[in-house]
Every structure is written in structure tokens, then in C-alpha cells.
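Chemist: Contents of data-v9.cif (mmCIF, C-alpha atoms):
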```cif
data_entry
#
loop_
_atom_site.label_atom_id
_atom_site.label_comp_id
_atom_site.auth_asym_id
_atom_site.auth_seq_id
_atom_site.Cartn_x
_atom_site.Cartn_y
_atom_site.Cartn_z
CA MET J 1 56.39 -59.66 -25.67
CA SER J 2 58.96 -57.36 -24.03
CA ILE J 3 56.89 -54.35 -25.16
CA LEU J 4 53.76 -55.80 -23.56
CA TYR J 5 55.72 -56.47 -20.35
CA HIS J 6 56.95 -52.86 -20.41
CA ILE J 7 53.39 -51.56 -20.77
CA LEU J 8 52.12 -53.69 -17.87
CA LEU J 9 55.03 -52.76 -15.61
CA ASP J 10 55.49 -49.06 -16.42
CA ILE J 11 51.95 -47.97 -17.32
CA ILE J 12 49.28 -50.28 -15.90
CA PHE J 13 51.02 -51.27 -12.64
CA PRO J 14 51.51 -47.65 -11.40
CA ILE J 15 47.81 -47.03 -12.03
CA LEU J 16 46.79 -50.14 -10.07
CA VAL J 17 49.08 -49.13 -7.19
CA LEU J 18 47.29 -45.79 -6.81
CA ILE J 19 43.86 -47.39 -7.22
CA GLY J 20 44.83 -49.94 -4.58
CA ALA J 21 46.05 -47.16 -2.28
CA GLY J 22 42.68 -45.44 -2.62
CA ALA J 23 40.84 -48.68 -1.77
CA LEU J 24 43.03 -49.25 1.32
CA LEU J 25 42.58 -45.67 2.52
CA GLN J 26 38.84 -46.00 2.11
CA HIS J 27 38.80 -49.20 4.16
CA PHE J 28 40.84 -47.77 7.03
CA ILE J 29 39.99 -44.07 7.27
CA ARG J 30 36.87 -43.64 5.09
CA LEU J 31 37.73 -40.85 2.67
CA ASP J 32 35.15 -38.19 1.90
CA LEU J 33 34.30 -39.26 -1.65
CA SER J 34 32.03 -36.31 -2.26
CA THR J 35 34.83 -33.86 -1.48
CA LEU J 36 37.41 -35.79 -3.51
CA SER J 37 35.06 -36.03 -6.48
CA THR J 38 34.24 -32.33 -6.31
CA LEU J 39 37.93 -31.44 -6.03
CA THR J 40 38.77 -33.58 -9.06
CA VAL J 41 35.92 -32.42 -11.29
CA TYR J 42 35.81 -28.74 -10.40
CA PHE J 43 39.50 -27.97 -9.82
CA LEU J 44 42.06 -30.57 -10.92
CA LEU J 45 40.38 -31.65 -14.18
CA PRO J 46 39.99 -28.05 -15.44
CA ALA J 47 43.65 -27.44 -14.51
CA VAL J 48 44.94 -30.45 -16.45
CA CYS J 49 42.66 -29.53 -19.37
CA PHE J 50 43.93 -25.94 -19.41
CA VAL J 51 47.61 -26.90 -19.18
CA ASN J 52 47.50 -29.56 -21.88
CA ILE J 53 45.52 -27.49 -24.36
CA TYR J 54 47.65 -24.39 -23.71
CA GLU J 55 50.89 -26.35 -24.14
CA SER J 56 49.72 -28.43 -27.08
CA LYS J 57 50.42 -27.76 -30.74
CA MET J 58 47.08 -29.11 -31.96
CA SER J 59 45.99 -27.96 -35.36
CA SER J 60 42.39 -27.33 -36.35
CA GLY J 61 42.69 -30.37 -38.59
CA LEU J 62 43.59 -32.60 -35.63
CA ILE J 63 40.65 -31.30 -33.59
CA SER J 64 38.31 -31.90 -36.54
CA GLN J 65 39.59 -35.45 -37.01
CA THR J 66 39.15 -36.20 -33.31
CA LEU J 67 35.58 -34.88 -33.18
CA LEU J 68 34.62 -36.71 -36.39
CA PHE J 69 35.98 -39.96 -34.96
CA LEU J 70 34.10 -39.47 -31.67
CA LEU J 71 30.82 -38.80 -33.46
CA LEU J 72 31.04 -41.85 -35.71
CA PHE J 73 32.47 -44.11 -33.01
CA ASN J 74 29.78 -43.30 -30.45
CA ILE J 75 26.94 -43.56 -32.96
CA VAL J 76 28.07 -47.07 -33.91
CA LEU J 77 28.63 -47.98 -30.25
CA ILE J 78 25.17 -46.75 -29.23
CA LEU J 79 23.50 -48.69 -32.05
CA THR J 80 25.46 -51.82 -31.14
CA SER J 81 24.46 -51.56 -27.47
CA MET J 82 20.82 -51.18 -28.50
CA LEU J 83 21.02 -54.31 -30.66
CA ILE J 84 22.62 -56.35 -27.86
CA ALA J 85 20.05 -55.16 -25.32
CA ARG J 86 17.19 -55.98 -27.68
CA ALA J 87 18.62 -59.38 -28.61
CA ASN J 88 18.89 -60.29 -24.92
CA ARG J 89 15.40 -58.94 -24.21
CA PHE J 90 16.50 -56.80 -21.29
CA ASP J 91 13.67 -54.89 -19.65
CA ARG J 92 13.51 -51.13 -20.03
CA LYS J 93 15.45 -50.25 -16.87
CA LEU J 94 18.11 -52.90 -17.38
CA SER J 95 18.45 -51.87 -21.02
CA ALA J 96 19.04 -48.24 -20.02
CA THR J 97 21.78 -49.17 -17.54
CA PHE J 98 23.35 -51.66 -19.94
CA LYS J 99 23.58 -49.10 -22.74
CA ASN J 100 25.05 -46.47 -20.44
CA SER J 101 27.59 -48.96 -19.08
CA MET J 102 28.70 -49.87 -22.59
CA VAL J 103 28.76 -46.36 -24.08
CA LEU J 104 30.00 -44.19 -21.20
CA SER J 105 33.71 -44.80 -20.53
CA ASN J 106 35.96 -43.67 -17.70
CA SER J 107 37.93 -41.28 -19.89
CA GLY J 108 38.68 -38.93 -16.99
CA ASN J 109 39.83 -40.68 -13.80
CA TYR J 110 41.24 -43.62 -15.76
CA GLY J 111 41.76 -42.42 -19.31
CA LEU J 112 43.69 -39.23 -18.59
CA PRO J 113 46.25 -40.91 -16.31
CA VAL J 114 46.80 -43.69 -18.87
CA SER J 115 47.26 -41.14 -21.65
CA GLU J 116 49.51 -39.03 -19.44
CA LEU J 117 51.80 -42.03 -19.00
CA VAL J 118 51.61 -43.38 -22.55
CA PHE J 119 52.12 -40.00 -24.22
CA ALA J 120 54.49 -38.44 -21.68
CA ALA J 121 56.81 -37.37 -24.50
CA ASN J 122 54.07 -36.21 -26.86
CA PRO J 123 51.52 -33.63 -25.57
CA ALA J 124 49.34 -34.14 -28.66
CA GLY J 125 48.24 -37.56 -27.41
CA MET J 126 47.19 -36.10 -24.07
CA SER J 127 45.41 -33.19 -25.77
CA ILE J 128 43.36 -35.65 -27.83
CA GLN J 129 42.35 -37.41 -24.62
CA ILE J 130 41.25 -34.06 -23.14
CA ILE J 131 38.86 -33.65 -26.07
CA VAL J 132 37.63 -37.21 -25.46
CA VAL J 133 36.96 -36.35 -21.80
CA ILE J 134 34.94 -33.26 -22.70
CA PHE J 135 33.00 -35.19 -25.33
CA GLN J 136 32.27 -37.96 -22.80
CA ASN J 137 31.02 -35.41 -20.27
CA LEU J 138 28.65 -33.97 -22.86
CA LEU J 139 27.56 -37.49 -23.82
CA THR J 140 26.89 -38.33 -20.17
CA PHE J 141 24.58 -35.37 -19.64
CA THR J 142 22.78 -35.81 -22.95
CA TYR J 143 22.55 -39.43 -24.09
CA GLY J 144 23.31 -40.90 -20.67
CA PHE J 145 20.89 -38.60 -18.91
CA PHE J 146 18.08 -39.18 -21.41
CA ASN J 147 18.73 -42.91 -21.19
CA SER J 148 18.11 -42.93 -17.43
CA VAL J 149 15.96 -39.94 -16.66
CA SER J 150 12.44 -40.16 -15.32
CA ALA J 151 9.50 -38.43 -16.96
CA GLN J 152 9.73 -35.62 -14.37
CA SER J 153 13.04 -34.23 -15.68
CA SER J 154 13.31 -31.62 -18.39
CA GLY J 155 15.76 -30.44 -21.02
CA ARG J 156 16.54 -27.40 -18.85
CA ASP J 157 18.05 -29.73 -16.22
CA ILE J 158 20.39 -31.19 -18.80
CA LEU J 159 21.52 -27.76 -20.01
CA ARG J 160 22.12 -26.65 -16.42
CA LYS J 161 24.33 -29.68 -15.74
CA ILE J 162 26.37 -29.07 -18.88
CA MET J 163 26.86 -25.39 -18.11
CA ARG J 164 28.15 -26.31 -14.63
CA LEU J 165 31.10 -28.25 -16.03
CA PRO J 166 34.18 -26.05 -15.41
CA VAL J 167 36.27 -28.13 -17.79
CA ILE J 168 34.34 -26.56 -20.67
CA TYR J 169 35.32 -23.05 -19.59
CA ALA J 170 38.93 -24.14 -19.04
CA LEU J 171 38.96 -25.46 -22.60
CA LEU J 172 37.50 -22.28 -24.08
CA PHE J 173 39.82 -20.01 -22.06
CA SER J 174 42.93 -21.95 -23.03
CA ILE J 175 41.92 -21.86 -26.71
CA LEU J 176 41.40 -18.09 -26.55
CA LEU J 177 44.81 -17.54 -24.94
CA LYS J 178 46.49 -19.68 -27.57
CA TYR J 179 44.61 -18.01 -30.42
CA PHE J 180 45.66 -14.51 -29.30
CA HIS J 181 49.18 -15.69 -28.33
CA ILE J 182 48.81 -14.41 -24.78
CA GLU J 183 51.64 -15.50 -22.49
CA ILE J 184 50.74 -16.40 -18.92
CA PRO J 185 52.97 -14.85 -16.21
CA GLU J 186 55.12 -17.35 -14.33
CA PHE J 187 53.56 -16.52 -10.93
CA ILE J 188 50.14 -17.51 -12.35
CA TRP J 189 51.31 -20.40 -14.51
CA ARG J 190 53.18 -22.20 -11.69
CA PRO J 191 50.14 -22.87 -9.44
CA ILE J 192 48.10 -23.94 -12.47
CA LYS J 193 50.86 -26.33 -13.51
CA ASN J 194 51.21 -27.70 -9.98
CA SER J 195 47.47 -28.31 -9.81
CA SER J 196 47.62 -30.15 -13.13
CA ASN J 197 50.43 -32.36 -11.82
CA ALA J 198 48.33 -33.32 -8.79
CA PHE J 199 45.53 -34.70 -10.96
CA LEU J 200 47.10 -38.12 -11.65
CA ALA J 201 47.42 -39.23 -8.02
CA VAL J 202 44.19 -37.71 -6.72
CA ALA J 203 42.07 -39.04 -9.59
CA LEU J 204 43.31 -42.63 -9.24
CA VAL J 205 43.14 -42.65 -5.42
CA THR J 206 39.56 -41.38 -5.72
CA LEU J 207 38.71 -44.11 -8.22
CA GLY J 208 40.13 -46.73 -5.86
CA ALA J 209 38.09 -45.38 -2.97
CA GLN J 210 34.93 -45.43 -5.09
CA VAL J 211 35.19 -49.14 -5.91
CA ALA J 212 36.50 -50.22 -2.49
CA PHE J 213 33.20 -51.55 -1.16
CA LEU J 214 31.54 -52.73 -4.34
CA LYS J 215 30.52 -56.39 -4.01
CA ILE J 216 30.23 -58.99 -6.75
CA THR J 217 27.46 -61.44 -5.89
CA ARG J 218 27.41 -63.35 -9.17
CA ILE J 219 28.49 -62.95 -12.78
CA SER J 220 25.17 -62.63 -14.61
CA ARG J 221 24.51 -62.65 -18.34
CA PRO J 222 24.16 -58.84 -18.55
CA ILE J 223 27.52 -58.47 -16.75
CA VAL J 224 29.19 -60.83 -19.22
CA TRP J 225 27.79 -58.81 -22.12
CA ILE J 226 28.97 -55.51 -20.69
CA LEU J 227 32.46 -56.93 -20.22
CA ILE J 228 32.48 -58.06 -23.84
CA GLY J 229 30.88 -54.85 -25.07
CA ARG J 230 33.01 -52.35 -23.16
CA LEU J 231 36.39 -54.11 -23.28
CA ILE J 232 36.31 -55.98 -26.60
CA ILE J 233 33.59 -54.69 -28.93
CA SER J 234 34.28 -51.01 -28.17
CA PRO J 235 37.99 -51.05 -29.17
CA LEU J 236 37.13 -53.14 -32.24
CA ILE J 237 34.62 -50.48 -33.30
CA GLY J 238 37.25 -47.83 -32.58
CA LEU J 239 39.74 -49.64 -34.80
CA LEU J 240 37.14 -49.93 -37.56
CA VAL J 241 36.32 -46.20 -37.49
CA ILE J 242 40.04 -45.30 -37.42
CA ASN J 243 40.61 -47.36 -40.57
CA ILE J 244 37.54 -45.91 -42.28
CA LEU J 245 38.76 -42.36 -41.59
CA GLY J 246 42.32 -43.24 -42.55
CA LEU J 247 43.81 -41.92 -39.30
CA THR J 248 47.48 -42.62 -38.55
CA GLY J 249 50.25 -41.87 -36.05
CA ILE J 250 49.62 -40.36 -32.62
CA THR J 251 46.02 -39.50 -33.50
CA ALA J 252 45.19 -43.12 -34.33
CA GLN J 253 47.04 -44.41 -31.26
CA ALA J 254 45.34 -42.01 -28.85
CA LEU J 255 41.82 -42.66 -30.21
CA PHE J 256 42.29 -46.44 -30.34
CA ILE J 257 43.45 -46.44 -26.71
CA ALA J 258 40.58 -44.09 -25.73
CA SER J 259 38.07 -46.60 -27.11
CA SER J 260 39.25 -49.30 -24.69
CA PHE J 261 38.77 -47.67 -21.28
CA PRO J 262 36.45 -49.25 -18.66
CA THR J 263 32.92 -48.23 -17.78
CA SER J 264 32.43 -44.75 -16.32
CA ARG J 265 31.37 -44.45 -12.70
CA ASN J 266 28.74 -41.99 -13.99
CA SER J 267 26.76 -44.92 -15.36
CA ALA J 268 26.50 -46.28 -11.80
CA LEU J 269 25.55 -42.86 -10.44
CA LEU J 270 22.77 -42.52 -13.02
CA ALA J 271 21.54 -46.04 -12.29
CA LEU J 272 21.46 -45.30 -8.56
CA GLU J 273 19.70 -41.96 -8.98
CA TYR J 274 16.92 -43.43 -11.11
CA ASN J 275 16.86 -46.92 -9.53
CA ASN J 276 17.81 -48.69 -12.77
CA TYR J 277 19.57 -51.80 -11.45
CA PRO J 278 22.25 -49.91 -9.47
CA GLU J 279 23.92 -53.14 -8.23
CA TYR J 280 24.44 -54.29 -11.80
CA ALA J 281 25.88 -50.90 -12.79
CA SER J 282 28.31 -50.92 -9.84
CA GLN J 283 29.49 -54.42 -10.70
CA ALA J 284 30.07 -53.32 -14.29
CA VAL J 285 32.28 -50.43 -13.12
CA LEU J 286 34.32 -52.63 -10.79
CA LEU J 287 34.84 -55.59 -13.14
CA THR J 288 35.63 -53.54 -16.25
CA THR J 289 38.10 -51.47 -14.21
CA ILE J 290 39.90 -54.59 -12.93
CA LEU J 291 39.94 -56.48 -16.23
CA SER J 292 40.92 -53.39 -18.20
CA SER J 293 44.37 -53.66 -16.64
CA VAL J 294 44.91 -56.47 -19.13
CA THR J 295 42.77 -55.35 -22.09
CA VAL J 296 44.03 -51.74 -22.08
CA ALA J 297 47.61 -53.01 -21.95
CA VAL J 298 46.90 -55.15 -25.01
CA VAL J 299 45.32 -52.20 -26.84
CA VAL J 300 48.29 -49.92 -26.01
CA TYR J 301 50.62 -52.66 -27.28
CA LEU J 302 48.59 -53.08 -30.50
CA SER J 303 48.40 -49.31 -31.03
CA LYS J 304 52.18 -49.12 -31.13
CA LEU J 305 52.36 -52.04 -33.58
CA LEU J 306 49.54 -50.90 -35.87
CA PHE J 307 50.20 -47.15 -35.94
#
```
Render the structure in this file as C-alpha cells.
Modeler:
Amino acid sequence: MSILYHILLDIIFPILVLIGAGALLQHFIRLDLSTLSTLTVYFLLPAVCFVNIYESKMSSGLISQTLLFLLLFNIVLILTSMLIARANRFDRKLSATFKNSMVLSNSGNYGLPVSELVFAANPAGMSIQIIVVIFQNLLTFTYGFFNSVSAQSSGRDILRKIMRLPVIYALLFSILLKYFHIEIPEFIWRPIKNSSNAFLAVALVTLGAQVAFLKITRISRPIVWILIGRLIISPLIGLLVINILGLTGITAQALFIASSFPTSRNSALLALEYNNYPEYASQAVLLTTILSSVTVAVVVYLSKLLF
């Protein structure tokens, strides 16, 4: 129990403080969410990706294991979300939003800060989460996009969105530098490192500002299912895939924790853009984010016991 208390106090509580600060700032001074989101996605996230990959000691075997897990895990999760949606007879639009809310997780604004705190002494855990973030971005603009898109959109739009993600280029550049053993001069490395350090606070304050004005009118049956699916079924599937692949140690811990994060705000953005029950999607983001303070703490606790 002391370990669980430590996780809640030293890992989850600092995250909630920054999320709460973002919500308060949004209430009183109305932050420019578009600017904050752009800053996070196009500058801070690539910086933290570059630093963690460049500093990491990840082997090709570890990268292969992580990608294999993500493929199997998301396939099972997608199939499970389809079965739940069909069993509940959700209409086409509600089904699309439900599946996105269950499959797309907040691995960036929420997941990276959690991993940064949990694996502060082990860069490999953070590097694994970086791969998860990139995979989730690709999943968002492929599966998530196809799940929500209208008949007027084309495959070229998807490719254009993917190619705009600077985190992909940061990943490739850092891998090339590591492969050729190129050392970065201190006067260049220092601003990159400082930018990476800024990610934690800015990402969580932005997340708090984004959910500040979301309103919960009632807890409907689809909401209950997304809470169960995202916060309970997803980590159980993650644990199953980990055991099937025989993963252990930091790799197993990082991937188990990554499977437990709340719903991505991108699912709400997609629902709003294509008018697929946007209120339901926003409620899913808010409630899974709040309740994940407990469920993620439990998963972190279990990951340390099991692996």
C-alpha cells in the first residue's frame, strides 16, 4: 500500500496540479489553445522525442519488440471496440466516435509526462513511450481518420497530415545521428535540451485548459462503456499481449502503463470536425482523464509488482 501511496503522491498528484493550473488559467485569462497546441506538437514534442531517442541506449531488438506489441495490442483493441459497439447497436456515427475514444489514447500530453516521472532513472522507458506516441499519431491519421472521415476526403489528405508531423522527422534525425555516432555541439544541444525540459509543464497545462469548460450532462450507456473499455479493458488486453510475447522488465512495465492512458483529445477533435456526437467524445476525454488518476496509479503499481 505504501508503494501505491507513493505513486499517487509523487507521480499522479504533480500531473493533476499542472492540469488544474491549466484549467484555472483558462477560466481566468482564456489561454490561446490553438497556439499552445501548435507549440506543443510542432516544437516541444519533437524536442523531447529527439532528446530521448538520442540519449537512449535502445537496441534494434527493443524497438522490434515495442512495434510488435503495438501492432498486436491495437488490432485486438480495435476488434474489441467493434464488438462492443455492435453488441450495443450504436448507430454509425456513435460507433465511429466510440471506437476512436476507446482506441486512441492520450499518449502524448498525458502519457509522456507520466513516463517521464515513472522512468526518470531509466531513459529506456521514456524512449519506449516516444515510440508509442509516434505510433498513436500514425494510428490517429489512419484508423482514426478513416473511422470519422466523410466521403469527400481522400487518401492524399491522410498522407499530407502524416507528413506534417515534425515528430517523425525528429525521430529519423535522432536515429541517423546515433547510427553515425555524430556528437552534437554543446551550444546546439543546450537549447534542444531546455526545450525538451519545458514539455512536461506546457503539455499538462494545455491539457488542463482543453478540458476546463467541458460539461457532463449525464452519464450515458456509451460513456460507461468507454470508461470500461479505455481504463479497464485496454490495460487487460495490454497485459495479455505482454504475456503472449513474453516481455519482461522495463519493456513490459512501459508498455503495460502505456496501455492504460485516457482517451486522446484527438478523438474529440475528429468527432467535432465530422459531427459524430462531439459532446459524447468530449465527455469521454474529460471523464477518462479524471478517473485515470486512479486507474493509471493502479497500473503503475501493478507493473512494478508483476515485472
Chemist: Identify all residues satisfying the PyMOL selection byres ((chain J and resi 240-253) around 8) in the given file; provide them as a PyMOL selection string.
Modeler: chain J and resi 62+66+69+72-73+124-125+128+236-239+254-257+300+303-304+307
Chemist: Fewer than 2 positions away in the same chain doesn't count, so skip those; otherwise give me all residues within 12 Å of stretch 29-36 of chain J, counting only C-alpha atoms, as a ChimeraX atom specification.
Modeler: /J:21-27,38-45,109,199,201-213
Chemist: Could you expand the PyMOL selection byres ((chain J and resi 140) around 12) into the explicit residues it covers here, written as a PyMOL selection string?
Modeler: chain J and resi 74+99-107+133-139+141-149+158-159+161-162+165+263-270
Chemist: Residues of the last selection are to be written out with C-alpha atoms, as an mmCIF file, in the coordinates of the input.
Modeler:
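Final file, out.cif:
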```cif
data_model
loop_
_atom_site.group_PDB
_atom_site.id
_atom_site.type_symbol
_atom_site.label_atom_id
_atom_site.label_comp_id
_atom_site.auth_asym_id
_atom_site.auth_seq_id
_atom_site.Cartn_x
_atom_site.Cartn_y
_atom_site.Cartn_z
ATOM 1 C CA ASN J 74 29.780 -43.300 -30.450
ATOM 2 C CA LYS J 99 23.580 -49.100 -22.740
ATOM 3 C CA ASN J 100 25.050 -46.470 -20.440
ATOM 4 C CA SER J 101 27.590 -48.960 -19.080
ATOM 5 C CA MET J 102 28.700 -49.870 -22.590
ATOM 6 C CA VAL J 103 28.760 -46.360 -24.080
ATOM 7 C CA LEU J 104 30.000 -44.190 -21.200
ATOM 8 C CA SER J 105 33.710 -44.800 -20.530
ATOM 9 C CA ASN J 106 35.960 -43.670 -17.700
ATOM 10 C CA SER J 107 37.930 -41.280 -19.890
ATOM 11 C CA VAL J 133 36.960 -36.350 -21.800
ATOM 12 C CA ILE J 134 34.940 -33.260 -22.700
ATOM 13 C CA PHE J 135 33.000 -35.190 -25.330
ATOM 14 C CA GLN J 136 32.270 -37.960 -22.800
ATOM 15 C CA ASN J 137 31.020 -35.410 -20.270
ATOM 16 C CA LEU J 138 28.650 -33.970 -22.860
ATOM 17 C CA LEU J 139 27.560 -37.490 -23.820
ATOM 18 C CA PHE J 141 24.580 -35.370 -19.640
ATOM 19 C CA THR J 142 22.780 -35.810 -22.950
ATOM 20 C CA TYR J 143 22.550 -39.430 -24.090
ATOM 21 C CA GLY J 144 23.310 -40.900 -20.670
ATOM 22 C CA PHE J 145 20.890 -38.600 -18.910
ATOM 23 C CA PHE J 146 18.080 -39.180 -21.410
ATOM 24 C CA ASN J 147 18.730 -42.910 -21.190
ATOM 25 C CA SER J 148 18.110 -42.930 -17.430
ATOM 26 C CA VAL J 149 15.960 -39.940 -16.660
ATOM 27 C CA ILE J 158 20.390 -31.190 -18.800
ATOM 28 C CA LEU J 159 21.520 -27.760 -20.010
ATOM 29 C CA LYS J 161 24.330 -29.680 -15.740
ATOM 30 C CA ILE J 162 26.370 -29.070 -18.880
ATOM 31 C CA LEU J 165 31.100 -28.250 -16.030
ATOM 32 C CA THR J 263 32.920 -48.230 -17.780
ATOM 33 C CA SER J 264 32.430 -44.750 -16.320
ATOM 34 C CA ARG J 265 31.370 -44.450 -12.700
ATOM 35 C CA ASN J 266 28.740 -41.990 -13.990
ATOM 36 C CA SER J 267 26.760 -44.920 -15.360
ATOM 37 C CA ALA J 268 26.500 -46.280 -11.800
ATOM 38 C CA LEU J 269 25.550 -42.860 -10.440
ATOM 39 C CA LEU J 270 22.770 -42.520 -13.020
#
```
Chemist: Restricting the calculation to only C-alpha atoms: of J:Val224, J:Ile15, J:Val48, J:Leu8, which residue gets closest to J:Asn194?
Modeler: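 Nearest candidate to J:Asn194 out of J:Val224, J:Ile15, J:Val48, J:Leu8: J:Val48.
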Chemist: On this structure, which residues satisfy the PyMOL selection byres ((chain J and resi 232) around 12), written as an MDAnalysis selection string?
Modeler: chainID J and resid 77 102 224:231 233:239 256:257 259:262 288 291:292 294:296 298:299
Chemist: Could you dump the residues just selected with C-alpha atoms as a PDB file, keeping the file's coordinate frame?
Modeler:
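The resulting file, result-v1.pdb, is reproduced below:
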```
ATOM      1  CA  LEU J  77      28.630 -47.980 -30.250  1.00  0.00           C
ATOM      2  CA  MET J 102      28.700 -49.870 -22.590  1.00  0.00           C
ATOM      3  CA  VAL J 224      29.190 -60.830 -19.220  1.00  0.00           C
ATOM      4  CA  TRP J 225      27.790 -58.810 -22.120  1.00  0.00           C
ATOM      5  CA  ILE J 226      28.970 -55.510 -20.690  1.00  0.00           C
ATOM      6  CA  LEU J 227      32.460 -56.930 -20.220  1.00  0.00           C
ATOM      7  CA  ILE J 228      32.480 -58.060 -23.840  1.00  0.00           C
ATOM      8  CA  GLY J 229      30.880 -54.850 -25.070  1.00  0.00           C
ATOM      9  CA  ARG J 230      33.010 -52.350 -23.160  1.00  0.00           C
ATOM     10  CA  LEU J 231      36.390 -54.110 -23.280  1.00  0.00           C
ATOM     11  CA  ILE J 233      33.590 -54.690 -28.930  1.00  0.00           C
ATOM     12  CA  SER J 234      34.280 -51.010 -28.170  1.00  0.00           C
ATOM     13  CA  PRO J 235      37.990 -51.050 -29.170  1.00  0.00           C
ATOM     14  CA  LEU J 236      37.130 -53.140 -32.240  1.00  0.00           C
ATOM     15  CA  ILE J 237      34.620 -50.480 -33.300  1.00  0.00           C
ATOM     16  CA  GLY J 238      37.250 -47.830 -32.580  1.00  0.00           C
ATOM     17  CA  LEU J 239      39.740 -49.640 -34.800  1.00  0.00           C
ATOM     18  CA  PHE J 256      42.290 -46.440 -30.340  1.00  0.00           C
ATOM     19  CA  ILE J 257      43.450 -46.440 -26.710  1.00  0.00           C
ATOM     20  CA  SER J 259      38.070 -46.600 -27.110  1.00  0.00           C
ATOM     21  CA  SER J 260      39.250 -49.300 -24.690  1.00  0.00           C
ATOM     22  CA  PHE J 261      38.770 -47.670 -21.280  1.00  0.00           C
ATOM     23  CA  PRO J 262      36.450 -49.250 -18.660  1.00  0.00           C
ATOM     24  CA  THR J 288      35.630 -53.540 -16.250  1.00  0.00           C
ATOM     25  CA  LEU J 291      39.940 -56.480 -16.230  1.00  0.00           C
ATOM     26  CA  SER J 292      40.920 -53.390 -18.200  1.00  0.00           C
ATOM     27  CA  VAL J 294      44.910 -56.470 -19.130  1.00  0.00           C
ATOM     28  CA  THR J 295      42.770 -55.350 -22.090  1.00  0.00           C
ATOM     29  CA  VAL J 296      44.030 -51.740 -22.080  1.00  0.00           C
ATOM     30  CA  VAL J 298      46.900 -55.150 -25.010  1.00  0.00           C
ATOM     31  CA  VAL J 299      45.320 -52.200 -26.840  1.00  0.00           C
TER      32      VAL J 299
END
```
Chemist: What does the structure give for the distance between atom CA of J:Arg86 and atom CA of J:Ala271, in Å to one decimal?
Modeler: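 Taking atom CA of J:Arg86 and atom CA of J:Ala271, their separation equals 18.8 Å.
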Chemist: So how many Å separate atom CA of J:Leu70 and atom CA of J:Val132, to one decimal?
Modeler: 7.5 Å
